[in-house]
$ cat start.txt   # compact mmCIF, C-alpha atoms
# COMPACT_ATOMS: atom_id res chain seq x y z
CA MET G 238 17.16 -1.86 11.27
CA SER G 239 19.04 -4.19 8.93
CA ALA G 240 17.61 -4.64 5.42
CA PRO G 241 16.31 -8.06 4.37
CA GLU G 242 18.48 -10.13 2.01
CA LEU G 243 15.48 -11.22 -0.06
CA ILE G 244 12.01 -9.78 -0.67
CA ARG G 245 9.49 -12.09 -2.31
CA ILE G 246 6.96 -10.08 -4.33
CA VAL G 247 3.50 -11.45 -5.12
CA SER G 248 1.41 -10.01 -7.93
CA ARG G 249 -1.24 -10.83 -10.47
CA SER G 250 0.25 -12.69 -13.41
CA SER G 251 -0.94 -10.42 -16.23
CA PRO G 252 1.70 -8.67 -18.38
CA MET G 253 0.65 -5.30 -16.97
CA ALA G 254 0.86 -6.48 -13.36
CA LEU G 255 4.31 -7.97 -13.94
CA ALA G 256 5.43 -4.72 -15.59
CA GLN G 257 4.33 -2.94 -12.42
CA VAL G 258 6.40 -5.35 -10.36
CA GLU G 259 9.44 -4.58 -12.51
CA ARG G 260 9.01 -0.89 -11.69
CA VAL G 261 9.00 -1.73 -7.99
CA ARG G 262 12.05 -4.00 -8.36
CA ALA G 263 13.95 -1.26 -10.22
CA GLU G 264 13.11 1.41 -7.63
CA LEU G 265 13.99 -0.97 -4.80
CA ALA G 266 17.31 -1.93 -6.43
CA ALA G 267 18.21 1.74 -6.84
CA ARG G 268 17.52 2.42 -3.16
CA HIS G 269 18.77 -0.88 -1.70
CA PRO G 270 21.17 -2.52 -4.19
CA GLY G 271 21.96 -5.30 -1.73
CA ILE G 272 18.40 -6.65 -1.57
CA ARG G 273 17.49 -9.52 -3.89
CA THR G 274 13.91 -9.90 -5.13
CA GLU G 275 11.88 -12.82 -6.38
CA VAL G 276 8.47 -12.65 -8.06
CA LEU G 277 5.54 -14.93 -7.29
CA PRO G 278 2.89 -14.48 -10.03
CA VAL G 279 -0.63 -15.66 -9.20
CA THR G 280 -3.69 -15.87 -11.41
CA THR G 281 -6.63 -14.41 -9.52
CA SER G 282 -10.27 -15.42 -9.80
CA GLY G 283 -10.95 -12.00 -11.35
CA ASP G 284 -8.41 -12.71 -14.09
CA ARG G 285 -9.94 -16.11 -14.86
CA TRP G 286 -13.57 -14.95 -14.82
CA MET G 287 -14.79 -13.08 -17.92
CA GLY G 288 -18.35 -12.47 -16.67
CA ASP G 289 -19.87 -9.82 -14.42
CA LEU G 290 -17.51 -9.11 -11.53
CA SER G 291 -20.43 -8.80 -9.11
CA ALA G 292 -20.84 -12.58 -9.39
CA LEU G 293 -17.41 -12.91 -7.74
CA GLY G 294 -17.97 -10.28 -5.08
CA GLY G 295 -16.58 -7.32 -7.02
CA LYS G 296 -13.05 -5.97 -7.20
CA GLY G 297 -11.81 -8.16 -4.36
CA ALA G 298 -11.65 -10.88 -7.00
CA PHE G 299 -8.40 -9.27 -8.21
CA THR G 300 -6.73 -9.26 -4.80
CA LYS G 301 -7.96 -12.29 -2.84
CA GLU G 302 -5.29 -14.75 -3.99
CA VAL G 303 -2.55 -12.13 -3.69
CA ASP G 304 -3.63 -11.35 -0.12
CA ALA G 305 -3.70 -15.05 0.71
CA ALA G 306 -0.09 -15.56 -0.45
CA LEU G 307 1.04 -12.59 1.63
CA LEU G 308 -0.78 -13.73 4.77
CA ALA G 309 0.44 -17.32 4.37
CA GLY G 310 4.05 -16.11 4.41
CA GLU G 311 4.65 -17.25 0.83
CA ALA G 312 5.53 -13.66 -0.10
CA ASP G 313 6.71 -10.55 1.76
CA LEU G 314 5.34 -7.79 -0.47
CA ALA G 315 2.28 -7.41 -2.69
CA VAL G 316 2.00 -4.89 -5.52
CA HIS G 317 -1.52 -3.64 -6.27
CA CYS G 318 -3.21 -1.06 -8.46
CA VAL G 319 -5.05 1.00 -5.86
CA LYS G 320 -8.12 1.10 -8.10
CA ASP G 321 -8.40 -2.70 -7.77
CA VAL G 322 -8.24 -2.77 -3.96
CA PRO G 323 -11.72 -2.60 -2.38
CA ALA G 324 -12.16 0.49 -0.23
CA ASP G 325 -15.60 -0.31 1.15
CA ARG G 326 -13.98 -2.69 3.65
CA PRO G 327 -10.65 -2.67 5.52
CA LEU G 328 -7.51 -4.34 4.21
CA PRO G 329 -7.24 -7.99 5.28
CA ALA G 330 -6.41 -8.18 8.97
CA GLY G 331 -2.69 -8.38 9.55
CA THR G 332 -1.74 -6.37 6.45
CA THR G 333 -0.99 -2.71 5.78
CA PHE G 334 0.01 -0.39 2.98
CA ALA G 335 3.70 0.40 3.36
CA ALA G 336 3.89 2.89 0.48
CA PHE G 337 2.07 4.46 -2.45
CA LEU G 338 4.34 5.04 -5.45
CA GLN G 339 4.41 8.31 -7.37
CA ARG G 340 1.18 8.58 -9.32
CA ASP G 341 1.02 7.87 -13.05
CA ASP G 342 -1.44 9.32 -15.58
CA ILE G 343 -5.02 9.05 -14.28
CA ARG G 344 -6.76 9.58 -17.63
CA ASP G 345 -8.54 7.19 -19.98
CA ALA G 346 -7.59 6.75 -23.62
CA LEU G 347 -9.63 5.99 -26.71
CA ILE G 348 -8.25 3.27 -28.96
CA ASP G 349 -9.70 3.61 -32.45
CA PRO G 350 -7.98 1.79 -35.34
CA ALA G 351 -8.99 4.63 -37.67
CA GLY G 352 -7.40 7.24 -35.39
CA ARG G 353 -10.62 9.12 -34.70
CA THR G 354 -11.52 11.03 -31.55
CA LEU G 355 -14.48 10.19 -29.35
CA ASP G 356 -16.48 13.06 -30.86
CA ASP G 357 -15.71 11.80 -34.38
CA LEU G 358 -17.09 8.30 -33.90
CA PRO G 359 -20.30 7.75 -35.89
CA ALA G 360 -23.60 6.79 -34.29
CA GLY G 361 -23.80 3.11 -33.44
CA SER G 362 -20.06 2.67 -32.98
CA ARG G 363 -19.37 -0.17 -30.54
CA ILE G 364 -17.13 0.78 -27.62
CA GLY G 365 -15.54 -2.17 -25.83
CA THR G 366 -15.75 -1.74 -22.05
CA SER G 367 -17.31 -3.46 -19.06
CA SER G 368 -16.65 -0.54 -16.71
CA VAL G 369 -19.89 0.81 -15.23
CA ARG G 370 -18.06 4.10 -14.66
CA ARG G 371 -17.21 4.47 -18.35
CA ILE G 372 -20.59 3.20 -19.54
CA ALA G 373 -22.50 5.75 -17.43
CA GLN G 374 -20.35 8.66 -18.57
CA LEU G 375 -20.55 7.68 -22.23
CA ALA G 376 -24.33 7.35 -21.90
CA ALA G 377 -24.43 10.91 -20.60
CA SER G 378 -21.99 12.51 -23.03
CA HIS G 379 -22.21 10.32 -26.17
CA PRO G 380 -25.58 8.53 -26.10
CA HIS G 381 -25.30 7.69 -29.80
CA LEU G 382 -22.46 5.24 -29.07
CA THR G 383 -23.04 1.63 -27.96
CA CYS G 384 -21.02 -0.08 -25.23
CA VAL G 385 -20.30 -3.77 -25.66
CA PRO G 386 -19.03 -5.93 -22.74
CA MET G 387 -15.28 -6.53 -22.86
CA ARG G 388 -13.08 -7.78 -20.04
CA GLY G 389 -9.58 -9.21 -19.80
CA ASN G 390 -6.14 -7.64 -19.63
CA ALA G 391 -5.25 -4.81 -21.99
CA GLY G 392 -3.47 -7.07 -24.46
CA ARG G 393 -6.46 -9.38 -24.67
CA ARG G 394 -8.82 -6.46 -25.24
CA LEU G 395 -6.61 -5.06 -27.98
CA ALA G 396 -6.70 -8.50 -29.63
CA LYS G 397 -10.50 -8.55 -29.37
CA LEU G 398 -10.63 -5.12 -30.99
CA ALA G 399 -8.41 -6.37 -33.83
CA GLY G 400 -10.75 -9.35 -34.17
CA GLY G 401 -13.72 -7.08 -34.78
CA GLU G 402 -15.52 -7.54 -31.45
CA ALA G 403 -15.72 -3.75 -31.06
CA ASP G 404 -15.05 -0.65 -33.15
CA ALA G 405 -13.05 1.13 -30.42
CA LEU G 406 -11.87 0.65 -26.85
CA LEU G 407 -11.46 2.68 -23.70
CA LEU G 408 -8.36 1.81 -21.65
CA ALA G 409 -6.31 3.50 -18.94
CA VAL G 410 -3.39 5.59 -20.22
CA SER G 411 -1.20 4.39 -17.33
CA GLY G 412 -1.81 0.75 -18.19
CA LEU G 413 -0.91 1.28 -21.84
CA GLU G 414 2.24 3.09 -20.74
CA ARG G 415 3.21 0.21 -18.47
CA ILE G 416 2.97 -2.39 -21.25
CA GLY G 417 4.52 -0.13 -23.89
CA ALA G 418 1.39 0.09 -26.04
CA THR G 419 0.75 3.84 -26.23
CA GLU G 420 1.04 3.75 -30.02
CA HIS G 421 -2.56 2.47 -30.05
CA ILE G 422 -3.93 5.64 -28.44
CA SER G 423 -6.02 7.81 -30.78
CA GLU G 424 -7.14 10.28 -28.10
CA VAL G 425 -6.35 10.89 -24.43
CA LEU G 426 -9.59 11.92 -22.75
CA SER G 427 -9.60 14.80 -20.29
CA VAL G 428 -10.83 14.15 -16.74
CA GLU G 429 -13.75 16.43 -17.59
CA THR G 430 -14.75 14.11 -20.44
CA MET G 431 -14.14 10.86 -18.54
CA CYS G 432 -13.72 11.16 -14.77
CA PRO G 433 -11.26 8.47 -13.60
CA PRO G 434 -11.80 5.66 -11.10
CA ILE G 435 -10.84 6.04 -7.45
CA GLY G 436 -7.14 5.20 -7.08
CA ALA G 437 -6.31 5.54 -10.77
CA GLY G 438 -2.61 5.49 -11.63
CA ILE G 439 -1.33 4.64 -8.14
CA LEU G 440 0.57 1.48 -7.21
CA ALA G 441 0.38 0.37 -3.58
CA LEU G 442 2.89 -1.77 -1.70
CA GLN G 443 1.23 -4.03 0.86
CA CYS G 444 3.04 -5.92 3.64
CA ARG G 445 2.21 -7.92 6.73
CA GLU G 446 1.87 -5.58 9.69
CA ASP G 447 4.37 -7.54 11.77
CA ASP G 448 7.06 -7.53 9.06
CA ALA G 449 8.85 -4.39 10.18
CA THR G 450 11.99 -5.26 8.21
CA THR G 451 10.20 -5.30 4.83
CA ILE G 452 8.07 -2.27 5.69
CA ASP G 453 11.20 -0.30 6.55
CA ALA G 454 12.90 -1.36 3.31
CA VAL G 455 10.05 -0.40 0.96
CA SER G 456 8.47 2.58 2.72
CA GLY G 457 11.11 4.90 1.28
CA LEU G 458 9.72 4.24 -2.21
CA GLY G 459 6.54 6.06 -1.23
CA ASP G 460 5.45 9.44 -2.55
CA ARG G 461 3.77 11.82 -0.10
CA ASN G 462 1.42 13.35 -2.67
CA ALA G 463 0.29 9.91 -3.83
CA TRP G 464 -0.34 8.95 -0.18
CA ARG G 465 -2.43 12.07 0.42
CA GLU G 466 -4.44 11.60 -2.77
CA ALA G 467 -5.00 7.86 -2.25
CA THR G 468 -6.00 8.40 1.39
CA ALA G 469 -8.61 11.01 0.48
CA GLU G 470 -10.02 8.94 -2.39
CA ARG G 471 -10.19 5.66 -0.49
CA MET G 472 -11.84 7.26 2.55
CA PHE G 473 -14.39 8.84 0.21
CA LEU G 474 -15.23 5.43 -1.26
CA HIS G 475 -15.25 3.79 2.17
CA VAL G 476 -17.79 6.27 3.56
CA LEU G 477 -19.91 6.09 0.41
CA GLN G 478 -19.97 2.25 0.56
CA GLY G 479 -20.40 1.86 -3.17
CA HIS G 480 -20.53 -1.61 -4.70
CA CYS G 481 -18.99 -2.96 -7.91
CA ASN G 482 -22.01 -1.97 -10.02
CA SER G 483 -22.00 1.62 -8.72
CA PRO G 484 -20.78 4.14 -11.31
CA ILE G 485 -18.51 6.19 -9.05
CA ALA G 486 -15.60 8.35 -10.21
CA GLY G 487 -13.26 10.88 -8.70
CA TYR G 488 -9.75 12.04 -8.07
CA ALA G 489 -7.80 14.02 -5.52
CA ARG G 490 -5.09 16.42 -6.58
CA CYS G 491 -2.16 17.91 -4.70
CA GLU G 492 -1.23 21.31 -6.07
CA PRO G 493 2.40 22.51 -6.09
CA SER G 494 1.41 24.76 -3.19
CA GLY G 495 0.51 21.67 -1.16
CA ASP G 496 -3.24 22.35 -1.31
CA LEU G 497 -5.33 19.19 -1.70
CA SER G 498 -8.70 18.93 -3.42
CA LEU G 499 -11.08 16.08 -4.19
CA ARG G 500 -13.61 16.00 -7.02
CA ALA G 501 -16.07 13.10 -7.08
CA LYS G 502 -19.18 11.98 -8.96
CA VAL G 503 -21.87 9.34 -8.62
CA PHE G 504 -23.98 8.38 -11.64
CA THR G 505 -27.04 6.37 -12.42
CA PRO G 506 -26.08 3.53 -14.81
CA ASP G 507 -27.81 5.29 -17.70
CA GLY G 508 -25.92 8.53 -17.01
CA LYS G 509 -29.13 10.53 -16.74
CA ARG G 510 -28.46 11.61 -13.17
CA VAL G 511 -25.09 12.83 -11.93
CA LEU G 512 -24.22 13.91 -8.39
CA ASN G 513 -21.18 16.20 -8.13
CA ALA G 514 -18.94 17.39 -5.32
CA HIS G 515 -15.63 19.25 -5.30
CA GLU G 516 -13.98 20.40 -2.09
CA TRP G 517 -10.62 21.72 -0.95
CA ALA G 518 -8.99 20.35 2.18
CA GLY G 519 -7.89 23.61 3.73
CA PRO G 520 -6.89 22.58 7.26
CA LEU G 521 -8.47 19.13 6.83
CA ASP G 522 -6.36 16.01 6.63
CA PRO G 523 -6.86 13.76 3.55
CA ALA G 524 -9.14 11.27 5.30
CA THR G 525 -11.36 14.05 6.60
CA LEU G 526 -11.55 15.54 3.11
CA GLY G 527 -12.65 12.18 1.72
CA THR G 528 -15.29 11.90 4.42
CA SER G 529 -16.54 15.43 3.78
CA VAL G 530 -16.94 14.88 0.03
CA ALA G 531 -18.77 11.59 0.63
CA VAL G 532 -21.14 13.25 3.09
CA THR G 533 -21.83 16.02 0.56
CA LEU G 534 -22.87 13.42 -2.02
CA LEU G 535 -24.89 11.46 0.52
CA ARG G 536 -26.83 14.66 1.25
CA GLN G 537 -27.55 14.89 -2.48
CA GLY G 538 -29.06 11.39 -2.48
CA ALA G 539 -26.08 9.15 -3.26
CA ARG G 540 -27.20 6.45 -0.79
CA GLU G 541 -30.57 6.02 -2.46
CA LEU G 542 -29.00 6.12 -5.91
CA ILE G 543 -26.39 3.47 -5.06
CA ASP G 544 -28.83 1.20 -3.26
CA SER G 545 -31.23 1.30 -6.22
CA ILE G 546 -28.63 -0.38 -8.46
CA ALA G 547 -28.76 -4.19 -8.49
CA HIS G 548 -25.58 -5.97 -7.41
$ encode --input "start.txt" --output "structure tokens"
Amino acid sequence: MSAPELIRIVSRSSPMALAQVERVRAELAARHPGIRTEVLPVTTSGDRWMGDLSALGGKGAFTKEVDAALLAGEADLAVHCVKDVPADRPLPAGTTFAAFLQRDDIRDALIDPAGRTLDDLPAGSRIGTSSVRRIAQLAASHPHLTCVPMRGNAGRRLAKLAGGEADALLLAVSGLERIGATEHISEVLSVETMCPPIGAGILALQCREDDATTIDAVSGLGDRNAWREATAERMFLHVLQGHCNSPIAGYARCEPSGDLSLRAKVFTPDGKRVLNAHEWAGPLDPATLGTSVAVTLLRQGARELIDSIAH
């Protein structure tokens, strides 16, 4: 199949999202130097809205306008952070994931201007985050700290921190790496301290299902381990049917041997109850592993816990 002459890439317009697009353009140019690319930045409703995401229907607020441009034929390829793509419902009809890029760091980082660690922060310290996942885990592990609502792209949150709206921040390591701001990190938190969100650190390339030419051109950028991990995690979230106010965390991991495991947790918002599951795939495919882990948590009461949280 002949390669397209031009691929139009649609993405959120934030500095981090555009940095992610540049990674895709560079990898595509290395593999297909004859293909030209153009970027169509869009500002999504999730980027404009600084309130509770549940008022906009949850994480889909970060993808709706991007999906619309793809389906309208205004673009050929969309670049998404997997963690921002809802997994409780299918992708928009007529679209598909063509590739998952090699996974970046899945951990969270503490940003403290004084260079302290999470354990060193004094009681009453204000941690800037609007993530229910982070809030629940901090409530469980560091109840003496106070979370204050803070949304916006990483640069905006760093500016709010500098302006005194919080004493410290929690941000994704991969995001700070993408915008070249790792010098702000005072501590990288282990996954045991702060379990990551589903899909952390993975970029997905989405195309129209009938655009075989673009799919063929970009599918070679995919990483098999990232595909296996993302498939297990997204199936887990799909079966669990969590909503945007559900504190859910987890990550799959491919070992060098090829073995795949999935660890997942569901919390009450106050962190006082935690449901845990950790399973190895064995002969199971990634989607079956995700289903199995979700069923394990449902047997522990995850459905009742999730449904008890207002959204």
$ closest_atom_pairs --input "start.txt" --of "range 463-515 of chain G" --to "range 307-324 of chain G" --cutoff "6 Å" --atoms "all atoms listed in the file" --output "Markdown table"
| residue | atom | partner | partner_atom | distance |
| --- | --- | --- | --- | --- |
| G:Arg471 | CA | G:Ala324 | CA | 5.5 |
| G:Leu474 | CA | G:Ala324 | CA | 5.9 |
| G:His475 | CA | G:Ala324 | CA | 5.1 |
$ atom_distance --input "start.txt" --atom1 "CA of Ala346 in chain G" --atom2 "CA of Pro433 in chain G"
10.8 Å
$ closest_residue --input "start.txt" --among "G:Lys397, G:Lys301, G:Arg363, G:Arg326" --to "Arg249 in chain G" --atoms "all atoms listed in the file"
G:Lys301
$ closest_atom_pairs --input "start.txt" --of "range 291-386 of chain G" --to "range 503-524 of chain G" --cutoff "9 Å" --atoms "all atoms listed in the file" --output "CSV"
residue,atom,partner,partner_atom,distance
G:Val369,CA,G:Pro506,CA,6.8
G:Arg370,CA,G:Phe504,CA,7.9
G:Ile372,CA,G:Pro506,CA,7.3
G:Ala373,CA,G:Gly508,CA,4.4
G:Gln374,CA,G:Gly508,CA,5.8
G:Leu375,CA,G:Gly508,CA,7.5
G:Ala376,CA,G:Gly508,CA,5.3
G:Ala377,CA,G:Gly508,CA,4.6
G:Ser378,CA,G:Gly508,CA,8.2
$ write_last_selection --input "start.txt" --atoms "C-alpha atoms" --output "compact mmCIF listing (two decimals), in the frame of the given file"
# COMPACT_ATOMS: atom_id res chain seq x y z
CA VAL G 369 -19.89 0.81 -15.23
CA ARG G 370 -18.06 4.10 -14.66
CA ILE G 372 -20.59 3.20 -19.54
CA ALA G 373 -22.50 5.75 -17.43
CA GLN G 374 -20.35 8.66 -18.57
CA LEU G 375 -20.55 7.68 -22.23
CA ALA G 376 -24.33 7.35 -21.90
CA ALA G 377 -24.43 10.91 -20.60
CA SER G 378 -21.99 12.51 -23.03
$ atom_distance --input "start.txt" --atom1 "CA of Leu526 in chain G" --atom2 "CA of Gly438 in chain G"
20.0 Å
$ atom_distance --input "start.txt" --atom1 "CA of Thr332 in chain G" --atom2 "CA of Ala256 in chain G"
23.2 Å
$ residues_near_point --input "start.txt" --point "(-18.7, 9.6, -10.7)" --cutoff "6 Å" --atoms "only C-alpha atoms" --output "ChimeraX atom specification"
/G:484-487,501-504
$ closest_residue --input "start.txt" --among "G:Gln339, G:Gln257, G:Ser362, G:Ser239" --to "Leu406 in chain G" --atoms "only C-alpha atoms"
G:Ser362
$ closest_residue --input "start.txt" --among "G:Glu414, G:Asp341, G:Glu424, G:Glu541" --to "Ser483 in chain G" --atoms "all atoms listed in the file"
G:Glu541
$ residues_around --input "start.txt" --residues "Asp325 in chain G" --least-positions-apart "3" --cutoff "8 Å" --atoms "only C-alpha atoms" --output "MDAnalysis selection string"
chainID G and resid 474:480
$ closest_atom_pairs --input "start.txt" --of "range 319-375 of chain G" --to "range 444-451 of chain G" --cutoff "10 Å" --atoms "all atoms listed in the file" --output "CSV"
residue,atom,partner,partner_atom,distance
G:Pro329,CA,G:Arg445,CA,9.6
G:Ala330,CA,G:Glu446,CA,8.7
G:Gly331,CA,G:Glu446,CA,5.4
G:Thr332,CA,G:Arg445,CA,4.3
G:Thr333,CA,G:Cys444,CA,5.6
G:Phe334,CA,G:Cys444,CA,6.3
G:Ala335,CA,G:Cys444,CA,6.4
G:Ala336,CA,G:Cys444,CA,9.4
$ closest_residue --input "start.txt" --among "G:Ile348, G:Leu355, G:Arg461, G:Cys384" --to "Ala409 in chain G" --atoms "all atoms listed in the file"
G:Ile348
$ closest_residue --input "start.txt" --among "G:Val425, G:Val532, G:Ala441, G:Val385" --to "Val258 in chain G" --atoms "all atoms listed in the file"
G:Ala441
$ closest_residue --input "start.txt" --among "G:Ser498, G:Thr280, G:Ser368, G:Thr419" --to "Leu255 in chain G" --atoms "only C-alpha atoms"
G:Thr280
